[in-house]
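Chemist: What follows is query12.cif, made up of mmCIF, C-alpha atoms and all ligand atoms:
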```
data_input
loop_
_atom_site.label_atom_id
_atom_site.label_comp_id
_atom_site.auth_asym_id
_atom_site.auth_seq_id
_atom_site.Cartn_x
_atom_site.Cartn_y
_atom_site.Cartn_z
CA MET B 253 256.76 -107.71 -91.12
CA ASN B 254 254.84 -110.98 -90.70
CA SER B 255 252.16 -111.24 -88.02
CA LYS B 256 253.14 -113.23 -84.93
CA LEU B 257 251.60 -116.68 -84.72
CA ILE B 258 251.27 -119.17 -81.86
CA ALA B 259 251.02 -122.88 -82.65
CA PRO B 260 250.36 -125.12 -79.63
CA SER B 261 252.02 -128.51 -80.07
CA MET B 262 249.42 -131.28 -79.85
CA LEU B 263 252.19 -133.69 -78.80
CA ALA B 264 251.66 -132.34 -75.28
CA ALA B 265 247.84 -132.61 -75.43
CA ASP B 266 245.88 -135.21 -73.49
CA PHE B 267 245.28 -137.90 -76.15
CA GLY B 268 242.39 -139.26 -74.11
CA ASN B 269 240.71 -135.88 -74.46
CA LEU B 270 241.80 -134.87 -77.93
CA GLN B 271 238.50 -133.26 -78.88
CA ARG B 272 238.49 -131.19 -75.68
CA ASP B 273 242.08 -130.02 -76.24
CA THR B 274 241.41 -129.29 -79.91
CA GLU B 275 238.44 -127.14 -78.94
CA MET B 276 240.54 -125.36 -76.32
CA VAL B 277 242.96 -124.34 -79.12
CA ASN B 278 240.01 -123.36 -81.37
CA ASN B 279 238.67 -121.05 -78.67
CA SER B 280 242.03 -119.53 -77.74
CA ASP B 281 244.27 -116.85 -79.27
CA ALA B 282 246.31 -119.57 -80.97
CA ASP B 283 246.67 -119.41 -84.75
CA TRP B 284 247.63 -122.93 -85.81
CA PHE B 285 247.74 -126.48 -84.50
CA HIS B 286 251.30 -127.84 -84.51
CA ILE B 287 251.34 -131.56 -85.27
CA ASP B 288 254.54 -133.56 -84.66
CA VAL B 289 254.91 -136.77 -86.64
CA MET B 290 257.78 -139.02 -85.45
CA ASP B 291 258.76 -142.37 -86.96
CA GLY B 292 261.23 -143.87 -84.47
CA HIS B 293 263.97 -143.70 -87.12
CA PHE B 294 264.66 -140.07 -87.90
CA VAL B 295 264.08 -139.31 -84.21
CA PRO B 296 264.18 -141.77 -81.31
CA ASN B 297 260.47 -141.55 -80.58
CA ILE B 298 257.17 -142.54 -82.22
CA SER B 299 254.23 -140.13 -81.92
CA TYR B 300 251.18 -140.52 -84.14
CA GLY B 301 250.18 -140.58 -87.79
CA MET B 302 247.27 -140.12 -90.17
CA PRO B 303 244.32 -141.35 -88.04
CA VAL B 304 245.16 -138.99 -85.18
CA ILE B 305 245.68 -136.06 -87.55
CA GLN B 306 242.32 -136.85 -89.13
CA ALA B 307 240.70 -136.88 -85.67
CA ILE B 308 242.15 -133.45 -84.85
CA LYS B 309 241.15 -132.08 -88.27
CA LYS B 310 237.57 -133.16 -87.69
CA HIS B 311 237.23 -130.60 -84.88
CA ALA B 312 239.92 -128.04 -85.72
CA THR B 313 238.88 -124.61 -87.00
CA LYS B 314 242.47 -123.43 -87.52
CA PRO B 315 245.21 -124.59 -89.92
CA LEU B 316 247.24 -127.74 -89.20
CA ASP B 317 251.00 -127.14 -89.26
CA VAL B 318 252.42 -130.65 -89.75
CA HIS B 319 256.09 -131.17 -88.82
CA LEU B 320 257.41 -134.41 -90.29
CA MET B 321 260.24 -135.93 -88.25
CA ILE B 322 260.41 -138.97 -90.51
CA GLU B 323 262.92 -140.47 -92.91
CA LYS B 324 262.14 -139.97 -96.59
CA PRO B 325 259.02 -137.85 -95.99
CA GLU B 326 258.39 -137.79 -99.76
CA ARG B 327 256.77 -141.22 -99.35
CA TYR B 328 253.81 -139.79 -97.43
CA ILE B 329 253.20 -136.16 -98.52
CA GLU B 330 249.93 -136.82 -100.40
CA GLU B 331 248.54 -138.84 -97.49
CA PHE B 332 249.26 -136.06 -94.99
CA ALA B 333 247.62 -133.55 -97.32
CA LYS B 334 244.61 -135.84 -97.64
CA VAL B 335 244.05 -136.09 -93.87
CA GLY B 336 244.07 -132.32 -93.52
CA ALA B 337 247.58 -130.83 -93.35
CA ASP B 338 247.63 -127.16 -94.40
CA ILE B 339 251.35 -126.56 -93.93
CA ILE B 340 253.90 -129.36 -94.18
CA THR B 341 257.50 -128.96 -93.04
CA VAL B 342 260.22 -131.52 -93.75
CA HIS B 343 263.69 -131.77 -92.29
CA TYR B 344 266.58 -130.74 -94.51
CA GLU B 345 268.37 -133.76 -93.00
CA SER B 346 265.62 -136.24 -93.93
CA THR B 347 265.20 -135.94 -97.68
CA VAL B 348 267.77 -136.12 -100.47
CA HIS B 349 265.94 -134.08 -103.12
CA LEU B 350 264.64 -131.21 -101.01
CA HIS B 351 263.47 -129.06 -103.93
CA ARG B 352 261.48 -131.97 -105.35
CA THR B 353 259.91 -132.70 -101.95
CA LEU B 354 258.83 -129.07 -101.50
CA THR B 355 257.30 -129.10 -104.99
CA GLN B 356 255.46 -132.29 -104.04
CA ILE B 357 254.04 -130.52 -100.95
CA GLU B 358 252.91 -127.53 -103.06
CA ASP B 359 251.37 -129.83 -105.67
CA ALA B 360 249.42 -131.53 -102.88
CA GLY B 361 247.87 -128.12 -102.10
CA CYS B 362 249.84 -127.31 -98.94
CA LYS B 363 252.31 -124.61 -97.93
CA ALA B 364 255.85 -125.97 -97.81
CA GLY B 365 258.59 -125.43 -95.26
CA VAL B 366 262.01 -126.72 -94.28
CA VAL B 367 263.15 -127.65 -90.76
CA LEU B 368 266.75 -127.49 -89.57
CA ASN B 369 268.11 -129.52 -86.69
CA LEU B 370 269.69 -127.59 -83.85
CA THR B 371 273.16 -127.24 -85.38
CA THR B 372 272.60 -127.60 -89.12
CA PRO B 373 273.98 -124.30 -90.48
CA VAL B 374 271.29 -121.92 -91.72
CA SER B 375 273.53 -121.22 -94.74
CA VAL B 376 272.40 -124.53 -96.29
CA LEU B 377 269.09 -122.78 -97.04
CA GLU B 378 270.62 -120.18 -99.34
CA ASP B 379 269.29 -121.66 -102.60
CA ILE B 380 266.02 -123.13 -101.34
CA LEU B 381 264.86 -120.07 -99.37
CA PRO B 382 262.70 -118.50 -102.14
CA LYS B 383 260.69 -121.74 -102.24
CA CYS B 384 260.04 -121.86 -98.48
CA TYR B 385 256.82 -120.51 -97.03
CA MET B 386 258.47 -121.08 -93.67
CA VAL B 387 261.71 -122.24 -92.09
CA LEU B 388 261.41 -124.02 -88.77
CA LEU B 389 264.49 -123.80 -86.57
CA MET B 390 264.63 -126.50 -83.92
CA SER B 391 265.62 -125.01 -80.56
CA ILE B 392 266.08 -128.49 -79.05
CA ASN B 393 267.16 -131.87 -80.43
CA PRO B 394 263.93 -133.14 -82.00
CA GLY B 395 262.08 -136.15 -80.67
CA PHE B 396 260.57 -135.17 -77.34
CA GLY B 397 258.56 -132.37 -75.81
CA GLY B 398 259.50 -130.75 -72.52
CA GLN B 399 263.19 -130.17 -73.23
CA LYS B 400 265.21 -127.08 -72.36
CA PHE B 401 265.48 -124.33 -74.97
CA GLU B 402 269.01 -123.99 -76.39
CA ASP B 403 270.35 -120.42 -76.38
CA ILE B 404 272.33 -120.87 -79.62
CA THR B 405 268.96 -120.42 -81.31
CA TYR B 406 269.01 -116.62 -80.93
CA ASP B 407 272.06 -116.21 -83.19
CA ARG B 408 270.67 -118.71 -85.67
CA VAL B 409 267.43 -116.72 -85.90
CA LYS B 410 269.39 -113.49 -86.47
CA LYS B 411 271.41 -115.08 -89.28
CA LEU B 412 268.31 -116.46 -90.95
CA ARG B 413 266.46 -113.15 -90.56
CA ARG B 414 269.35 -111.42 -92.37
CA MET B 415 269.25 -113.97 -95.20
CA ILE B 416 265.48 -113.51 -95.63
CA ASP B 417 265.58 -109.71 -95.49
CA GLU B 418 268.54 -109.42 -97.87
CA ARG B 419 266.52 -111.34 -100.46
CA GLY B 420 263.35 -109.31 -99.87
CA LEU B 421 261.39 -112.46 -98.93
CA ASP B 422 258.58 -112.86 -96.41
CA THR B 423 259.46 -116.40 -95.29
CA ARG B 424 258.22 -117.17 -91.81
CA ILE B 425 260.70 -118.20 -89.09
CA GLU B 426 259.16 -120.73 -86.73
CA ILE B 427 260.82 -121.80 -83.47
CA ASP B 428 260.13 -125.18 -81.92
CA GLY B 429 261.29 -126.54 -78.57
CA GLY B 430 261.23 -125.08 -75.08
CA VAL B 431 259.37 -121.92 -76.08
CA THR B 432 257.93 -120.14 -73.02
CA ASP B 433 256.92 -116.71 -71.77
CA LYS B 434 260.58 -116.30 -70.71
CA ASN B 435 262.16 -116.47 -74.18
CA ILE B 436 259.45 -115.54 -76.70
CA LYS B 437 260.17 -111.79 -76.61
CA GLN B 438 263.88 -112.29 -77.20
CA LEU B 439 263.04 -114.60 -80.10
CA VAL B 440 260.83 -111.92 -81.66
CA GLU B 441 263.65 -109.38 -81.22
CA ALA B 442 266.01 -111.78 -83.01
CA GLY B 443 263.56 -111.99 -85.93
CA ALA B 444 261.26 -114.99 -85.39
CA ASP B 445 257.51 -114.70 -85.99
CA THR B 446 255.96 -118.14 -85.44
CA PHE B 447 256.11 -120.08 -82.17
CA VAL B 448 255.42 -123.67 -81.24
CA ALA B 449 254.69 -124.28 -77.57
CA GLY B 450 253.83 -127.70 -76.17
CA SER B 451 254.42 -128.37 -72.50
CA HIS B 452 254.42 -124.68 -71.57
CA VAL B 453 250.80 -124.53 -72.77
CA PHE B 454 249.38 -127.95 -71.98
CA LYS B 455 251.04 -128.36 -68.55
CA SER B 456 249.84 -124.96 -67.40
CA GLU B 457 246.79 -124.55 -65.20
CA ASP B 458 244.97 -122.14 -67.49
CA GLN B 459 245.95 -123.15 -71.03
CA THR B 460 243.86 -120.49 -72.76
CA LYS B 461 245.44 -117.78 -70.63
CA THR B 462 248.95 -119.14 -71.27
CA ILE B 463 248.34 -118.94 -75.02
CA ALA B 464 246.97 -115.40 -74.67
CA THR B 465 250.07 -114.35 -72.70
CA LEU B 466 252.41 -115.81 -75.35
CA LYS B 467 250.49 -113.95 -78.07
CA THR B 468 250.62 -110.67 -76.16
CA LEU B 469 254.34 -111.03 -75.45
CA ALA B 470 255.05 -111.87 -79.09
CA ASN B 471 253.25 -108.72 -80.18
CA SER B 472 254.67 -106.39 -77.52
O1 LIG B 501 259.09 -131.10 -82.43
C1 LIG B 501 258.98 -131.15 -81.24
C2 LIG B 501 259.74 -132.16 -80.46
O2 LIG B 501 260.61 -132.79 -81.31
C3 LIG B 501 258.14 -130.15 -80.56
O3 LIG B 501 257.10 -129.64 -81.34
C4 LIG B 501 257.74 -130.34 -79.16
O4 LIG B 501 256.48 -130.92 -79.07
C5 LIG B 501 257.75 -129.01 -78.48
O5 LIG B 501 257.40 -129.24 -77.18
P1 LIG B 501 257.84 -128.28 -76.01
O6 LIG B 501 259.34 -128.19 -76.02
O7 LIG B 501 257.20 -126.96 -76.29
O8 LIG B 501 257.31 -128.97 -74.81
#
```
Would you encode the structure as structure tokens?

Modeler:
Amino acid sequence: MNSKLIAPSMLAADFGNLQRDTEMVNNSDADWFHIDVMDGHFVPNISYGMPVIQAIKKHATKPLDVHLMIEKPERYIEEFAKVGADIITVHYESTVHLHRTLTQIEDAGCKAGVVLNLTTPVSVLEDILPKCYMVLLMSINPGFGGQKFEDITYDRVKKLRRMIDERGLDTRIEIDGGVTDKNIKQLVEAGADTFVAGSHVFKSEDQTKTIATLKTLANS
């Protein structure tokens, strides 16, 4: 059984106070920084790229979990590794030669994972699963923070959990989009172990306490 990890999404941080928000995550019960890279092509939004990741890395004391929502991510893997990514996930839908892209991530010294859009069947992972450190299941349509969690995610997590267990693997299952204190326990029960939370954390009054509550609920 993997430990339960919380990864606050820096997309919801205050970019004018990035150092402050990075230190808040450092000093909280969070485990990773979740970094959303969007290119305005793969998803209808543009977020940030290498310079901002580098700025976060400068102050971060925890691993950077970099989620690439970009077309042909294989063009930039080495650059993301260079600015400090520890884990890099790419969308199944964004790269033609997925196995080659994951190898490229590993060769760059990072842990490699695959992301599935909300309704891409988890069965497409059958052959690539042994190569995945983590699978990220989107629980919203990617592109924006603050959206409502989609309930179809629970069944998707259960299916993926079965696939992982049947193969005797320890692949992490990360959930991203609309994660809150209201659904995290049910997600753990379904078989997830890694949780991205953006607006629920950064829009709360006491961010450190919100992270601590998520961690406690995930472990209860
Ligand atoms: O990948 C994405 C958005 O596409 C996410 O990481 C969001 O940033 C999660 O934000 P919340 O739904 O938790 O506000």

Chemist: Name the residues in contact with Asn435 in chain B at a cut-off of 9 Å, using all atoms listed in the file, excluding same-chain residues fewer than 5 positions from it; report them as a list of chain:residue names.

Modeler: B:Phe401, B:Gly430, B:Val440

Chemist: Output the selection as an mmCIF file, in the frame of the given file - C-alpha atoms for each residue.

Modeler:
```cif
data_model
loop_
_atom_site.group_PDB
_atom_site.id
_atom_site.type_symbol
_atom_site.label_atom_id
_atom_site.label_comp_id
_atom_site.auth_asym_id
_atom_site.auth_seq_id
_atom_site.Cartn_x
_atom_site.Cartn_y
_atom_site.Cartn_z
ATOM 1 C CA PHE B 401 265.480 -124.330 -74.970
ATOM 2 C CA GLY B 430 261.230 -125.080 -75.080
ATOM 3 C CA VAL B 440 260.830 -111.920 -81.660
#
```

Chemist: Could you list, as an MDAnalysis selection string, all the residues within 9 Å of ligand LIG 501 (chain B), counting all atoms listed in the file?

Modeler: chainID B and resid 260:264 286:290 295 297 319:321 390:401 427:432 448:455

Chemist: List the neighbours of range 341-353 of chain B out to 7 Å using all atoms listed in the file; skip same-chain residues closer than 5 positions along the sequence, and give me the result as an NGL selection string.

Modeler: :B and (318-326 or 364-368 or 380)

Chemist: Write out the residues from the selection above, keeping C-alpha atoms, as a PDB file, in the frame of the given file.

Modeler:
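Here's the written file result_36.pdb:
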```
ATOM      1  CA  VAL B 318     252.420-130.650 -89.750  1.00  0.00           C
ATOM      2  CA  HIS B 319     256.090-131.170 -88.820  1.00  0.00           C
ATOM      3  CA  LEU B 320     257.410-134.410 -90.290  1.00  0.00           C
ATOM      4  CA  MET B 321     260.240-135.930 -88.250  1.00  0.00           C
ATOM      5  CA  ILE B 322     260.410-138.970 -90.510  1.00  0.00           C
ATOM      6  CA  GLU B 323     262.920-140.470 -92.910  1.00  0.00           C
ATOM      7  CA  LYS B 324     262.140-139.970 -96.590  1.00  0.00           C
ATOM      8  CA  PRO B 325     259.020-137.850 -95.990  1.00  0.00           C
ATOM      9  CA  GLU B 326     258.390-137.790 -99.760  1.00  0.00           C
ATOM     10  CA  ALA B 364     255.850-125.970 -97.810  1.00  0.00           C
ATOM     11  CA  GLY B 365     258.590-125.430 -95.260  1.00  0.00           C
ATOM     12  CA  VAL B 366     262.010-126.720 -94.280  1.00  0.00           C
ATOM     13  CA  VAL B 367     263.150-127.650 -90.760  1.00  0.00           C
ATOM     14  CA  LEU B 368     266.750-127.490 -89.570  1.00  0.00           C
ATOM     15  CA  ILE B 380     266.020-123.130-101.340  1.00  0.00           C
TER      16      ILE B 380
END
```

Chemist: Just checking: using all atoms listed in the file, which residue out of B:Val387, B:Ala282, B:Ala307, B:Met415 ends up closest to Thr462 in chain B?

Modeler: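 Of B:Val387, B:Ala282, B:Ala307, B:Met415, the one nearest Thr462 in chain B is B:Ala282, counting all atoms listed in the file.
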
Chemist: Would you pick out the contacts of Thr274 in chain B at 12 Å or less, using only C-alpha atoms, so that residues sharing its chain but fewer than 5 positions from it are not included, and give the list as a PyMOL selection string?

Modeler: chain B and resi 259-269+279-280+282+284-287+304-316+454+459-460

Chemist: Write to file, as a compact mmCIF listing (two decimals), in the frame of the given file, the residues of the selection just made, with C-alpha atoms.

Modeler:
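This went into again38.txt:
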```txt
# COMPACT_ATOMS: atom_id res chain seq x y z
CA ALA B 259 251.02 -122.88 -82.65
CA PRO B 260 250.36 -125.12 -79.63
CA SER B 261 252.02 -128.51 -80.07
CA MET B 262 249.42 -131.28 -79.85
CA LEU B 263 252.19 -133.69 -78.80
CA ALA B 264 251.66 -132.34 -75.28
CA ALA B 265 247.84 -132.61 -75.43
CA ASP B 266 245.88 -135.21 -73.49
CA PHE B 267 245.28 -137.90 -76.15
CA GLY B 268 242.39 -139.26 -74.11
CA ASN B 269 240.71 -135.88 -74.46
CA ASN B 279 238.67 -121.05 -78.67
CA SER B 280 242.03 -119.53 -77.74
CA ALA B 282 246.31 -119.57 -80.97
CA TRP B 284 247.63 -122.93 -85.81
CA PHE B 285 247.74 -126.48 -84.50
CA HIS B 286 251.30 -127.84 -84.51
CA ILE B 287 251.34 -131.56 -85.27
CA VAL B 304 245.16 -138.99 -85.18
CA ILE B 305 245.68 -136.06 -87.55
CA GLN B 306 242.32 -136.85 -89.13
CA ALA B 307 240.70 -136.88 -85.67
CA ILE B 308 242.15 -133.45 -84.85
CA LYS B 309 241.15 -132.08 -88.27
CA LYS B 310 237.57 -133.16 -87.69
CA HIS B 311 237.23 -130.60 -84.88
CA ALA B 312 239.92 -128.04 -85.72
CA THR B 313 238.88 -124.61 -87.00
CA LYS B 314 242.47 -123.43 -87.52
CA PRO B 315 245.21 -124.59 -89.92
CA LEU B 316 247.24 -127.74 -89.20
CA PHE B 454 249.38 -127.95 -71.98
CA GLN B 459 245.95 -123.15 -71.03
CA THR B 460 243.86 -120.49 -72.76
```

Chemist: CA of Lys467 in chain B and CA of Cys362 in chain B are how many Å apart?

Modeler: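 Distance between the two atoms: 24.8 Å.
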
Chemist: How many Å separate CA of Ser456 in chain B from CA of Leu439 in chain B?

Modeler: 21.0 Å

Chemist: Hey, can you check how far CA of Met276 in chain B sits from CA of Ile329 in chain B?

Modeler: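 Atom-to-atom, CA of Met276 in chain B and CA of Ile329 in chain B are spaced 27.7 Å apart.
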
Chemist: List as a list in words the protein and nucleic acid residues near Leu469 in chain B, meaning an atom at most 9 Å away when all atoms listed in the file are counted, but skip any in the same chain fewer than 6 places from it.

Modeler: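 In the requested form, the answer reads Asp433, Ile436 and Lys437 of chain B.
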
Chemist: Could you tell me which of B:Arg408, B:Lys434, B:Asp445, B:Phe294 comes closest to Thr465 in chain B if we count all atoms listed in the file?

Modeler: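 Under the stated criterion, the closest residue is B:Lys434.
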
Chemist: Considering all atoms listed in the file, state which residue in the set B:Thr355, B:Ser299, B:Gln438, B:Thr468 is at the smallest distance from Asp281 in chain B.

Modeler: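 Among the listed residues, the smallest separation from Asp281 in chain B belongs to B:Thr468.
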
Chemist: Just checking: using all atoms listed in the file, which residue out of B:Ser472, B:Thr405, B:Gln271, B:Gln356 ends up closest to Val374 in chain B?

Modeler: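 Closest residue, counting all atoms listed in the file: B:Thr405.
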
Chemist: For range 419-423 of chain B, find every residue with an atom within 10 Å (counting all atoms listed in the file), except residues of its own chain fewer than 5 positions away, and show them as a PDB file with C-alpha atoms, in the coordinates of the input.

Modeler:
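The file below, part-v3.pdb, is the result:
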```pdb
ATOM      1  CA  MET B 253     256.760-107.710 -91.120  1.00  0.00           C
ATOM      2  CA  ASN B 254     254.840-110.980 -90.700  1.00  0.00           C
ATOM      3  CA  GLY B 365     258.590-125.430 -95.260  1.00  0.00           C
ATOM      4  CA  GLU B 378     270.620-120.180 -99.340  1.00  0.00           C
ATOM      5  CA  LEU B 381     264.860-120.070 -99.370  1.00  0.00           C
ATOM      6  CA  PRO B 382     262.700-118.500-102.140  1.00  0.00           C
ATOM      7  CA  LYS B 383     260.690-121.740-102.240  1.00  0.00           C
ATOM      8  CA  CYS B 384     260.040-121.860 -98.480  1.00  0.00           C
ATOM      9  CA  TYR B 385     256.820-120.510 -97.030  1.00  0.00           C
ATOM     10  CA  MET B 386     258.470-121.080 -93.670  1.00  0.00           C
ATOM     11  CA  VAL B 387     261.710-122.240 -92.090  1.00  0.00           C
ATOM     12  CA  LEU B 412     268.310-116.460 -90.950  1.00  0.00           C
ATOM     13  CA  ARG B 413     266.460-113.150 -90.560  1.00  0.00           C
ATOM     14  CA  ARG B 414     269.350-111.420 -92.370  1.00  0.00           C
ATOM     15  CA  ASP B 445     257.510-114.700 -85.990  1.00  0.00           C
TER      16      ASP B 445
END
```
